[in-house]
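Trainee: Pasting target-v6.pdb here (PDB, C-alpha atoms):
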ATOM      1  CA  MET A  29       0.000   0.000   0.000  1.00  0.00           C
ATOM      2  CA  ASN A  30       2.874   2.355   0.805  1.00  0.00           C
ATOM      3  CA  ASN A  31       4.354   1.835  -2.665  1.00  0.00           C
ATOM      4  CA  VAL A  32       0.965   2.533  -4.221  1.00  0.00           C
ATOM      5  CA  ASN A  33       0.601   5.768  -2.247  1.00  0.00           C
ATOM      6  CA  LYS A  34       4.102   6.858  -3.213  1.00  0.00           C
ATOM      7  CA  GLY A  35       3.334   6.162  -6.863  1.00  0.00           C
ATOM      8  CA  LEU A  36       0.139   8.158  -6.703  1.00  0.00           C
ATOM      9  CA  GLY A  37       1.951  11.040  -5.017  1.00  0.00           C
ATOM     10  CA  LEU A  38       4.621  11.100  -7.695  1.00  0.00           C
ATOM     11  CA  ALA A  39       1.985  11.088 -10.426  1.00  0.00           C
ATOM     12  CA  VAL A  40       0.188  14.013  -8.809  1.00  0.00           C
ATOM     13  CA  LEU A  41       3.431  15.994  -8.555  1.00  0.00           C
ATOM     14  CA  LEU A  42       4.314  15.342 -12.183  1.00  0.00           C
ATOM     15  CA  GLY A  43       0.837  16.312 -13.287  1.00  0.00           C
ATOM     16  CA  LEU A  44       0.970  19.542 -11.277  1.00  0.00           C
ATOM     17  CA  SER A  45       4.364  20.412 -12.746  1.00  0.00           C
ATOM     18  CA  ALA A  46       3.079  19.907 -16.279  1.00  0.00           C
ATOM     19  CA  ALA A  47       0.015  22.024 -15.529  1.00  0.00           C
ATOM     20  CA  LEU A  48       2.142  24.882 -14.206  1.00  0.00           C
ATOM     21  CA  THR A  49       4.395  24.731 -17.269  1.00  0.00           C
ATOM     22  CA  GLY A  50       1.364  24.860 -19.511  1.00  0.00           C
ATOM     23  CA  CYS A  51       0.015  27.882 -17.635  1.00  0.00           C
ATOM     24  CA  GLY A  52       3.286  29.709 -18.235  1.00  0.00           C
ATOM     25  CA  GLU A  53       3.058  29.195 -21.975  1.00  0.00           C
ATOM     26  CA  GLY A  54      -0.596  30.239 -21.974  1.00  0.00           C
ATOM     27  CA  SER A  55       0.276  33.425 -20.112  1.00  0.00           C
ATOM     28  CA  ASP A  56       2.844  34.375 -22.773  1.00  0.00           C
ATOM     29  CA  GLU A  57       0.299  33.747 -25.502  1.00  0.00           C
ATOM     30  CA  LEU A  58      -2.270  35.816 -23.602  1.00  0.00           C
ATOM     31  CA  ASP A  59       0.200  38.695 -23.302  1.00  0.00           C
ATOM     32  CA  GLU A  60       0.692  38.620 -27.069  1.00  0.00           C
ATOM     33  CA  GLN A  61      -3.050  38.658 -27.631  1.00  0.00           C
ATOM     34  CA  LEU A  62      -3.393  41.657 -25.336  1.00  0.00           C
ATOM     35  CA  SER A  63      -0.867  43.714 -27.320  1.00  0.00           C
ATOM     36  CA  HIS A  64      -2.977  46.005 -29.500  1.00  0.00           C
ATOM     37  CA  ASP A  65      -2.197  48.708 -32.026  1.00  0.00           C
ATOM     38  CA  ALA A  66      -3.807  51.695 -33.726  1.00  0.00           C
ATOM     39  CA  LYS A  67      -2.783  54.042 -36.524  1.00  0.00           C
ATOM     40  CA  MET A  68      -3.401  57.785 -36.433  1.00  0.00           C
ATOM     41  CA  SER A  69      -3.008  60.353 -39.227  1.00  0.00           C
ATOM     42  CA  PHE A  70      -2.966  64.029 -38.242  1.00  0.00           C
ATOM     43  CA  VAL A  71      -4.898  66.743 -40.087  1.00  0.00           C
ATOM     44  CA  ASN A  72      -3.968  70.364 -39.427  1.00  0.00           C
ATOM     45  CA  SER A  73      -6.779  72.577 -40.690  1.00  0.00           C
ATOM     46  CA  LEU A  74      -5.532  75.497 -38.566  1.00  0.00           C
ATOM     47  CA  ASP A  75      -3.940  78.667 -39.984  1.00  0.00           C
ATOM     48  CA  TYR A  76      -0.487  77.932 -38.535  1.00  0.00           C
ATOM     49  CA  MET A  77       2.064  75.127 -38.425  1.00  0.00           C
ATOM     50  CA  ALA A  78       1.315  72.692 -35.611  1.00  0.00           C
ATOM     51  CA  ASP A  79       2.797  69.823 -33.604  1.00  0.00           C
ATOM     52  CA  PHE A  80       0.646  66.856 -32.641  1.00  0.00           C
ATOM     53  CA  HIS A  81       1.252  64.965 -29.398  1.00  0.00           C
ATOM     54  CA  ALA A  82       0.115  61.578 -28.098  1.00  0.00           C
ATOM     55  CA  LYS A  83       0.657  59.919 -24.726  1.00  0.00           C
ATOM     56  CA  ARG A  84      -0.897  57.064 -22.786  1.00  0.00           C
ATOM     57  CA  ARG A  85      -3.509  58.326 -20.352  1.00  0.00           C
ATOM     58  CA  SER A  86      -3.864  57.175 -16.775  1.00  0.00           C
ATOM     59  CA  ILE A  87      -6.535  58.192 -14.318  1.00  0.00           C
ATOM     60  CA  SER A  88      -3.955  59.353 -11.788  1.00  0.00           C
ATOM     61  CA  SER A  89      -1.856  61.547 -14.124  1.00  0.00           C
ATOM     62  CA  GLY A  90      -4.561  63.026 -16.365  1.00  0.00           C
ATOM     63  CA  TYR A  91      -2.906  65.150 -19.075  1.00  0.00           C
ATOM     64  CA  SER A  92       0.437  65.414 -17.262  1.00  0.00           C
ATOM     65  CA  GLY A  93       3.389  65.421 -19.660  1.00  0.00           C
ATOM     66  CA  LEU A  94       1.265  65.488 -22.808  1.00  0.00           C
ATOM     67  CA  PHE A  95       3.099  68.479 -24.279  1.00  0.00           C
ATOM     68  CA  ASP A  96       6.592  67.297 -23.368  1.00  0.00           C
ATOM     69  CA  SER A  97       9.004  67.068 -26.309  1.00  0.00           C
ATOM     70  CA  GLY A  98       9.091  63.273 -26.074  1.00  0.00           C
ATOM     71  CA  SER A  99       5.396  62.972 -26.850  1.00  0.00           C
ATOM     72  CA  VAL A 100       5.519  64.656 -30.277  1.00  0.00           C
ATOM     73  CA  VAL A 101       4.265  62.190 -32.909  1.00  0.00           C
ATOM     74  CA  SER A 102       3.850  64.485 -35.937  1.00  0.00           C
ATOM     75  CA  ALA A 103       5.921  67.670 -35.896  1.00  0.00           C
ATOM     76  CA  ASP A 104       5.769  70.873 -37.942  1.00  0.00           C
ATOM     77  CA  VAL A 105       2.636  69.954 -39.880  1.00  0.00           C
ATOM     78  CA  PRO A 106       2.028  72.925 -42.215  1.00  0.00           C
ATOM     79  CA  ALA A 107      -1.231  74.859 -42.065  1.00  0.00           C
ATOM     80  CA  LYS A 108      -4.030  73.142 -43.996  1.00  0.00           C
ATOM     81  CA  GLU A 109      -1.986  69.971 -44.550  1.00  0.00           C
ATOM     82  CA  VAL A 110      -1.913  66.329 -43.467  1.00  0.00           C
ATOM     83  CA  GLY A 111       0.909  65.104 -41.227  1.00  0.00           C
ATOM     84  CA  LYS A 112       2.480  61.681 -41.028  1.00  0.00           C
ATOM     85  CA  THR A 113       0.794  58.501 -39.827  1.00  0.00           C
ATOM     86  CA  TYR A 114       1.768  57.313 -36.354  1.00  0.00           C
ATOM     87  CA  SER A 115       1.578  53.670 -35.220  1.00  0.00           C
ATOM     88  CA  TYR A 116       0.742  53.318 -31.540  1.00  0.00           C
ATOM     89  CA  SER A 117       1.116  50.011 -29.687  1.00  0.00           C
ATOM     90  CA  TYR A 118      -0.457  49.412 -26.294  1.00  0.00           C
ATOM     91  CA  LYS A 119      -1.714  46.770 -23.909  1.00  0.00           C
ATOM     92  CA  ALA A 120      -5.460  46.202 -23.939  1.00  0.00           C
ATOM     93  CA  ILE A 121      -5.805  47.462 -20.375  1.00  0.00           C
ATOM     94  CA  ASN A 122      -4.081  50.737 -21.380  1.00  0.00           C
ATOM     95  CA  ASN A 123      -6.407  51.687 -24.227  1.00  0.00           C
ATOM     96  CA  MET A 124      -6.934  55.332 -23.219  1.00  0.00           C
ATOM     97  CA  ILE A 125      -4.757  57.944 -24.910  1.00  0.00           C
ATOM     98  CA  ASN A 126      -4.277  61.701 -24.602  1.00  0.00           C
ATOM     99  CA  LEU A 127      -3.985  63.711 -27.814  1.00  0.00           C
ATOM    100  CA  GLY A 128      -2.842  67.305 -28.155  1.00  0.00           C
ATOM    101  CA  VAL A 129      -1.977  69.982 -30.695  1.00  0.00           C
ATOM    102  CA  LYS A 130      -0.015  73.219 -30.315  1.00  0.00           C
ATOM    103  CA  ASP A 131       1.539  75.991 -32.396  1.00  0.00           C
ATOM    104  CA  SER A 132       4.930  74.694 -33.605  1.00  0.00           C
ATOM    105  CA  ASN A 133       6.614  78.091 -33.373  1.00  0.00           C
ATOM    106  CA  SER A 134       5.335  79.559 -30.125  1.00  0.00           C
ATOM    107  CA  GLY A 135       4.400  76.385 -28.257  1.00  0.00           C
ATOM    108  CA  GLU A 136       1.159  78.148 -27.367  1.00  0.00           C
ATOM    109  CA  LYS A 137      -2.423  77.728 -28.635  1.00  0.00           C
ATOM    110  CA  GLN A 138      -2.661  74.292 -27.078  1.00  0.00           C
ATOM    111  CA  GLU A 139      -5.678  72.044 -27.321  1.00  0.00           C
ATOM    112  CA  ARG A 140      -6.127  68.528 -25.961  1.00  0.00           C
ATOM    113  CA  MET A 141      -8.545  65.628 -25.709  1.00  0.00           C
ATOM    114  CA  ASN A 142      -8.595  61.976 -24.724  1.00  0.00           C
ATOM    115  CA  THR A 143     -10.128  58.966 -26.398  1.00  0.00           C
ATOM    116  CA  THR A 144     -10.417  55.206 -26.023  1.00  0.00           C
ATOM    117  CA  LEU A 145      -8.809  53.069 -28.721  1.00  0.00           C
ATOM    118  CA  LYS A 146      -9.910  49.836 -30.340  1.00  0.00           C
ATOM    119  CA  ASP A 147      -7.451  47.240 -31.599  1.00  0.00           C
ATOM    120  CA  GLY A 148      -6.589  47.771 -35.268  1.00  0.00           C
ATOM    121  CA  ALA A 149      -8.223  51.207 -35.433  1.00  0.00           C
ATOM    122  CA  SER A 150      -7.201  53.570 -38.232  1.00  0.00           C
ATOM    123  CA  LEU A 151      -8.010  57.168 -37.322  1.00  0.00           C
ATOM    124  CA  TRP A 152      -7.946  60.774 -38.448  1.00  0.00           C
ATOM    125  CA  VAL A 153      -7.009  63.237 -35.691  1.00  0.00           C
ATOM    126  CA  ILE A 154      -8.293  66.612 -36.862  1.00  0.00           C
ATOM    127  CA  ALA A 155      -7.266  69.989 -35.443  1.00  0.00           C
ATOM    128  CA  TRP A 156      -9.860  72.617 -36.344  1.00  0.00           C
ATOM    129  CA  GLU A 157     -11.230  75.969 -35.281  1.00  0.00           C
ATOM    130  CA  ALA A 158     -14.655  77.575 -35.063  1.00  0.00           C
ATOM    131  CA  ASP A 159     -15.441  81.086 -33.868  1.00  0.00           C
ATOM    132  CA  GLY A 160     -11.921  81.511 -32.506  1.00  0.00           C
ATOM    133  CA  GLU A 161     -12.005  78.306 -30.460  1.00  0.00           C
ATOM    134  CA  ARG A 162      -9.705  75.378 -31.285  1.00  0.00           C
ATOM    135  CA  SER A 163     -10.795  71.755 -31.098  1.00  0.00           C
ATOM    136  CA  LEU A 164      -9.493  68.251 -31.703  1.00  0.00           C
ATOM    137  CA  SER A 165     -11.688  65.500 -33.116  1.00  0.00           C
ATOM    138  CA  VAL A 166     -11.102  61.847 -33.890  1.00  0.00           C
ATOM    139  CA  VAL A 167     -12.755  60.284 -36.949  1.00  0.00           C
ATOM    140  CA  GLY A 168     -12.367  56.699 -38.107  1.00  0.00           C
ATOM    141  CA  LYS A 169     -10.875  56.293 -41.564  1.00  0.00           C
ATOM    142  CA  LYS A 170     -13.314  54.850 -44.069  1.00  0.00           C
ATOM    143  CA  GLN A 171     -12.247  54.202 -47.645  1.00  0.00           C
ATOM    144  CA  GLU A 172     -15.030  53.777 -50.229  1.00  0.00           C
ATOM    145  CA  ASN A 173     -13.447  54.052 -53.656  1.00  0.00           C
ATOM    146  CA  LYS A 174     -15.811  54.131 -56.643  1.00  0.00           C
ATOM    147  CA  ALA A 175     -14.859  54.147 -60.306  1.00  0.00           C
ATOM    148  CA  ASP A 176     -15.113  57.371 -62.341  1.00  0.00           C
ATOM    149  CA  VAL A 177     -16.128  59.653 -59.446  1.00  0.00           C
ATOM    150  CA  PHE A 178     -14.629  61.428 -56.472  1.00  0.00           C
ATOM    151  CA  ASN A 179     -16.206  59.852 -53.424  1.00  0.00           C
ATOM    152  CA  VAL A 180     -16.087  62.450 -50.657  1.00  0.00           C
ATOM    153  CA  ARG A 181     -17.269  62.993 -47.119  1.00  0.00           C
ATOM    154  CA  LEU A 182     -17.018  66.261 -45.227  1.00  0.00           C
ATOM    155  CA  PHE A 183     -15.978  67.331 -41.740  1.00  0.00           C
ATOM    156  CA  ALA A 184     -17.211  70.864 -41.038  1.00  0.00           C
ATOM    157  CA  ASN A 185     -16.730  73.503 -38.353  1.00  0.00           C
ATOM    158  CA  GLY A 186     -20.347  74.653 -38.709  1.00  0.00           C
ATOM    159  CA  SER A 187     -23.671  74.095 -40.424  1.00  0.00           C
ATOM    160  CA  TYR A 188     -23.405  74.527 -44.212  1.00  0.00           C
ATOM    161  CA  ASP A 189     -25.508  73.439 -47.153  1.00  0.00           C
ATOM    162  CA  VAL A 190     -23.795  70.919 -49.417  1.00  0.00           C
ATOM    163  CA  MET A 191     -24.613  70.762 -53.135  1.00  0.00           C
ATOM    164  CA  VAL A 192     -23.598  67.950 -55.477  1.00  0.00           C
ATOM    165  CA  GLY A 193     -24.287  68.415 -59.180  1.00  0.00           C
ATOM    166  CA  GLY A 194     -26.444  71.460 -58.406  1.00  0.00           C
ATOM    167  CA  GLU A 195     -28.681  69.647 -55.926  1.00  0.00           C
ATOM    168  CA  LYS A 196     -28.666  69.945 -52.161  1.00  0.00           C
ATOM    169  CA  VAL A 197     -27.676  66.631 -50.552  1.00  0.00           C
ATOM    170  CA  THR A 198     -27.207  67.562 -46.886  1.00  0.00           C
ATOM    171  CA  THR A 199     -26.415  70.240 -44.309  1.00  0.00           C
ATOM    172  CA  THR A 200     -23.261  69.702 -42.294  1.00  0.00           C
ATOM    173  CA  GLU A 201     -23.169  69.600 -38.500  1.00  0.00           C
ATOM    174  CA  LYS A 202     -20.438  71.284 -36.490  1.00  0.00           C
ATOM    175  CA  GLY A 203     -17.698  68.843 -35.575  1.00  0.00           C
ATOM    176  CA  GLN A 204     -19.345  65.917 -37.374  1.00  0.00           C
ATOM    177  CA  VAL A 205     -18.517  63.984 -40.516  1.00  0.00           C
ATOM    178  CA  THR A 206     -21.070  63.398 -43.280  1.00  0.00           C
ATOM    179  CA  ALA A 207     -21.848  60.307 -45.301  1.00  0.00           C
ATOM    180  CA  TYR A 208     -20.055  59.798 -48.619  1.00  0.00           C
ATOM    181  CA  TYR A 209     -21.183  61.634 -51.765  1.00  0.00           C
ATOM    182  CA  GLU A 210     -20.240  60.866 -55.355  1.00  0.00           C
ATOM    183  CA  VAL A 211     -18.933  63.863 -57.315  1.00  0.00           C
ATOM    184  CA  SER A 212     -18.426  63.529 -61.062  1.00  0.00           C
ATOM    185  CA  SER A 213     -16.826  66.925 -61.805  1.00  0.00           C
ATOM    186  CA  CYS A 214     -13.615  67.918 -60.018  1.00  0.00           C
ATOM    187  CA  ALA A 215     -13.970  71.662 -60.622  1.00  0.00           C
ATOM    188  CA  ASP A 216     -17.583  72.512 -59.885  1.00  0.00           C
ATOM    189  CA  GLY A 217     -19.399  69.306 -58.953  1.00  0.00           C
ATOM    190  CA  LEU A 218     -19.322  70.049 -55.206  1.00  0.00           C
ATOM    191  CA  GLU A 219     -20.298  73.205 -53.328  1.00  0.00           C
ATOM    192  CA  VAL A 220     -20.245  73.980 -49.606  1.00  0.00           C
ATOM    193  CA  ALA A 221     -21.913  77.151 -48.309  1.00  0.00           C
ATOM    194  CA  GLY A 222     -22.084  78.416 -51.902  1.00  0.00           C
ATOM    195  CA  ASN A 223     -18.351  77.856 -52.519  1.00  0.00           C
ATOM    196  CA  ALA A 224     -17.136  75.533 -55.257  1.00  0.00           C
ATOM    197  CA  ILE A 225     -14.786  72.891 -53.839  1.00  0.00           C
ATOM    198  CA  ASP A 226     -11.810  72.175 -56.092  1.00  0.00           C
ATOM    199  CA  LEU A 227     -11.105  68.437 -56.171  1.00  0.00           C
ATOM    200  CA  CYS A 228      -8.837  68.492 -59.218  1.00  0.00           C
ATOM    201  CA  ASN A 229      -5.705  67.706 -57.182  1.00  0.00           C
ATOM    202  CA  GLY A 230      -7.253  64.330 -56.447  1.00  0.00           C
ATOM    203  CA  ASP A 231      -7.913  61.296 -58.609  1.00  0.00           C
ATOM    204  CA  PHE A 232     -11.117  59.875 -60.006  1.00  0.00           C
ATOM    205  CA  GLY A 233     -11.986  56.563 -58.403  1.00  0.00           C
ATOM    206  CA  GLN A 234     -10.574  57.550 -55.005  1.00  0.00           C
ATOM    207  CA  SER A 235     -12.215  58.566 -51.732  1.00  0.00           C
ATOM    208  CA  TYR A 236     -11.400  61.668 -49.676  1.00  0.00           C
ATOM    209  CA  LEU A 237     -12.088  63.375 -46.390  1.00  0.00           C
ATOM    210  CA  LEU A 238     -12.626  67.119 -46.815  1.00  0.00           C
ATOM    211  CA  VAL A 239     -12.314  69.529 -43.889  1.00  0.00           C
ATOM    212  CA  VAL A 240     -14.423  72.578 -44.731  1.00  0.00           C
ATOM    213  CA  ASP A 241     -15.560  75.899 -43.321  1.00  0.00           C
ATOM    214  CA  ALA A 242     -17.777  78.775 -44.454  1.00  0.00           C
ATOM    215  CA  ASN A 243     -15.189  79.741 -47.079  1.00  0.00           C
ATOM    216  CA  GLY A 244     -14.884  76.281 -48.620  1.00  0.00           C
ATOM    217  CA  LYS A 245     -12.165  73.628 -48.509  1.00  0.00           C
ATOM    218  CA  ARG A 246      -9.392  73.760 -45.931  1.00  0.00           C
ATOM    219  CA  VAL A 247      -7.855  70.279 -46.214  1.00  0.00           C
ATOM    220  CA  MET A 248      -8.319  67.409 -48.668  1.00  0.00           C
ATOM    221  CA  ALA A 249      -7.098  64.091 -47.227  1.00  0.00           C
ATOM    222  CA  SER A 250      -6.923  60.839 -49.163  1.00  0.00           C
ATOM    223  CA  GLU A 251      -8.691  58.086 -47.278  1.00  0.00           C
TER
END
Could the structure of this file be written out as structure tokens, please?
Mentor:
Amino acid sequence: MNNVNKGLGLAVLLGLSAALTGCGEGSDELDEQLSHDAKMSFVNSLDYMADFHAKRRSISSGYSGLFDSGSVVSADVPAKEVGKTYSYSYKAINNMINLGVKDSNSGEKQERMNTTLKDGASLWVIAWEADGERSLSVVGKKQENKADVFNVRLFANGSYDVMVGGEKVTTTEKGQVTAYYEVSSCADGLEVAGNAIDLCNGDFGQSYLLVVDANGKRVMASE
């Protein structure tokens, strides 16, 4: 009986050892699964060159350190231009991020926001202004290419009538992005607030995000 008990004890120990080893491997695999990423492209529709910043957010630190030099992710983006795309990797439990924009030359005119990321997200981060107040907005990228037309959607800093081919299709909402609209003429097929929007720098068959104001187009970004 003693030999039987010893044999059973040894079997239990070996089984426990194997189980612990297996848990270690599973933990590594779980860590890999919890490593997420997102891509962000920065749109500067302001009237001055700007730096964009990004930094992981924690409840305890808030926005602390957001505008430090080490958090710059797209520097010296010219007025009314699109900056570079930034790839951000994070653990699933750290999916909150602070975003900021400031004047590249003076370091002033700062604006900030925070958002929660989803794994694999591809985003536009848009710096814009309305009535003298700066804002940052995050919009998911959404490519909908269609042959022989410019497929466009609009992000506006106010409420403006939108005409396509001479017919009203929508009225924009401040800080919101519209649905897509098919435009067949690059020169005069699209109007916002009575202003013709020049799309001729783009390509037929492609889709674009347009940042607009009461005077017309500010930025044209290829989706």
Trainee: Which neighbours of region 110-127 of chain A fall inside 9 Å, counting all atoms listed in the file, when residues of the same chain fewer than 5 positions from it are skipped, and could you give them as a PyMOL selection string?
Mentor: chain A and resi 59+61-73+80-86+90-91+94+101-105+139-147+153+164+247-249
Trainee: Identify which of the residues A:Val177, A:Gln138, A:Gly217, A:Tyr76 lies closest to Gly194 (chain A), counting all atoms listed in the file when measuring atom-to-atom distances.
Mentor: A:Gly217
Trainee: Evaluate the PyMOL selection byres ((chain A and resi 234) around 8) against this structure - the residues, as a count of residues only, please.
Mentor: 15
Trainee: Excluding same-chain residues fewer than 4 positions from Leu182 (chain A), what lies within 8 Å of it counting only C-alpha atoms, as a ChimeraX atom specification?
Mentor: /A:200,205-208,237-240
Trainee: When the PyMOL selection byres ((chain A and resi 74) around 9) is applied to the structure above, which residues does it catch, written out as a PyMOL selection string?
Mentor: chain A and resi 71-73+75-78+106-109+155-157+162+246
Trainee: Using the chain letters and residue numbers of this document, give as an MDAnalysis selection string the residues selected by the PyMOL selection byres ((chain A and resi 190) around 7).
Mentor: chainID A and resid 188:189 191:192 196:199 219:221
Trainee: Could you write out the selected residues, including C-alpha atoms, as a short mmCIF file (atom, residue, chain, number, x, y, z; two decimals), in the coordinates of the input?
Mentor:
data_model
loop_
_atom_site.label_atom_id
_atom_site.label_comp_id
_atom_site.auth_asym_id
_atom_site.auth_seq_id
_atom_site.Cartn_x
_atom_site.Cartn_y
_atom_site.Cartn_z
CA TYR A 188 -23.40 74.53 -44.21
CA ASP A 189 -25.51 73.44 -47.15
CA MET A 191 -24.61 70.76 -53.14
CA VAL A 192 -23.60 67.95 -55.48
CA LYS A 196 -28.67 69.94 -52.16
CA VAL A 197 -27.68 66.63 -50.55
CA THR A 198 -27.21 67.56 -46.89
CA THR A 199 -26.42 70.24 -44.31
CA GLU A 219 -20.30 73.20 -53.33
CA VAL A 220 -20.24 73.98 -49.61
CA ALA A 221 -21.91 77.15 -48.31
#
Trainee: Restricting the calculation to only C-alpha atoms, which member of A:Ile87, A:Ile154, A:Leu218, A:Val129 is positioned closest to Ser99 (chain A)?
Mentor: A:Val129
Trainee: Could you tell me how far CA of Lys202 (chain A) lies from CA of Lys137 (chain A), in Å and to one decimal?
Mentor: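 CA of Lys202 (chain A) sits 20.7 Å away from CA of Lys137 (chain A).
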Trainee: I want to know what sits within 7 Å of Asp241 (chain A), based on only C-alpha atoms, with residues of the same chain fewer than 5 positions away left out; could you give that as a PyMOL selection string?
Mentor: chain A and resi 184-186
Trainee: Rounded to one decimal place, report the CA of Lys169 (chain A)-CA of Phe183 (chain A) distance in Å.
Mentor: 12.2 Å
Trainee: Would you please work out which residue, of A:Ala158, A:Cys214, A:Cys228, A:Val100, is nearest to Ser132 (chain A) when using all atoms listed in the file?
Mentor: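 Under the stated criterion, the closest residue is A:Val100.
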Trainee: Counting all atoms listed in the file, which of A:Ser163, A:Gly98, A:Gln171, A:Gly222 gets nearest to Leu151 (chain A)?
Mentor: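 Under the stated criterion, the closest residue is A:Gln171.
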Trainee: Using CA of Ser97 (chain A) and CA of Gly135 (chain A) as the two end points, give the distance in Å to one decimal.
Mentor: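 Computing the Euclidean distance for CA of Ser97 (chain A) and CA of Gly135 (chain A) yields 10.6 Å.
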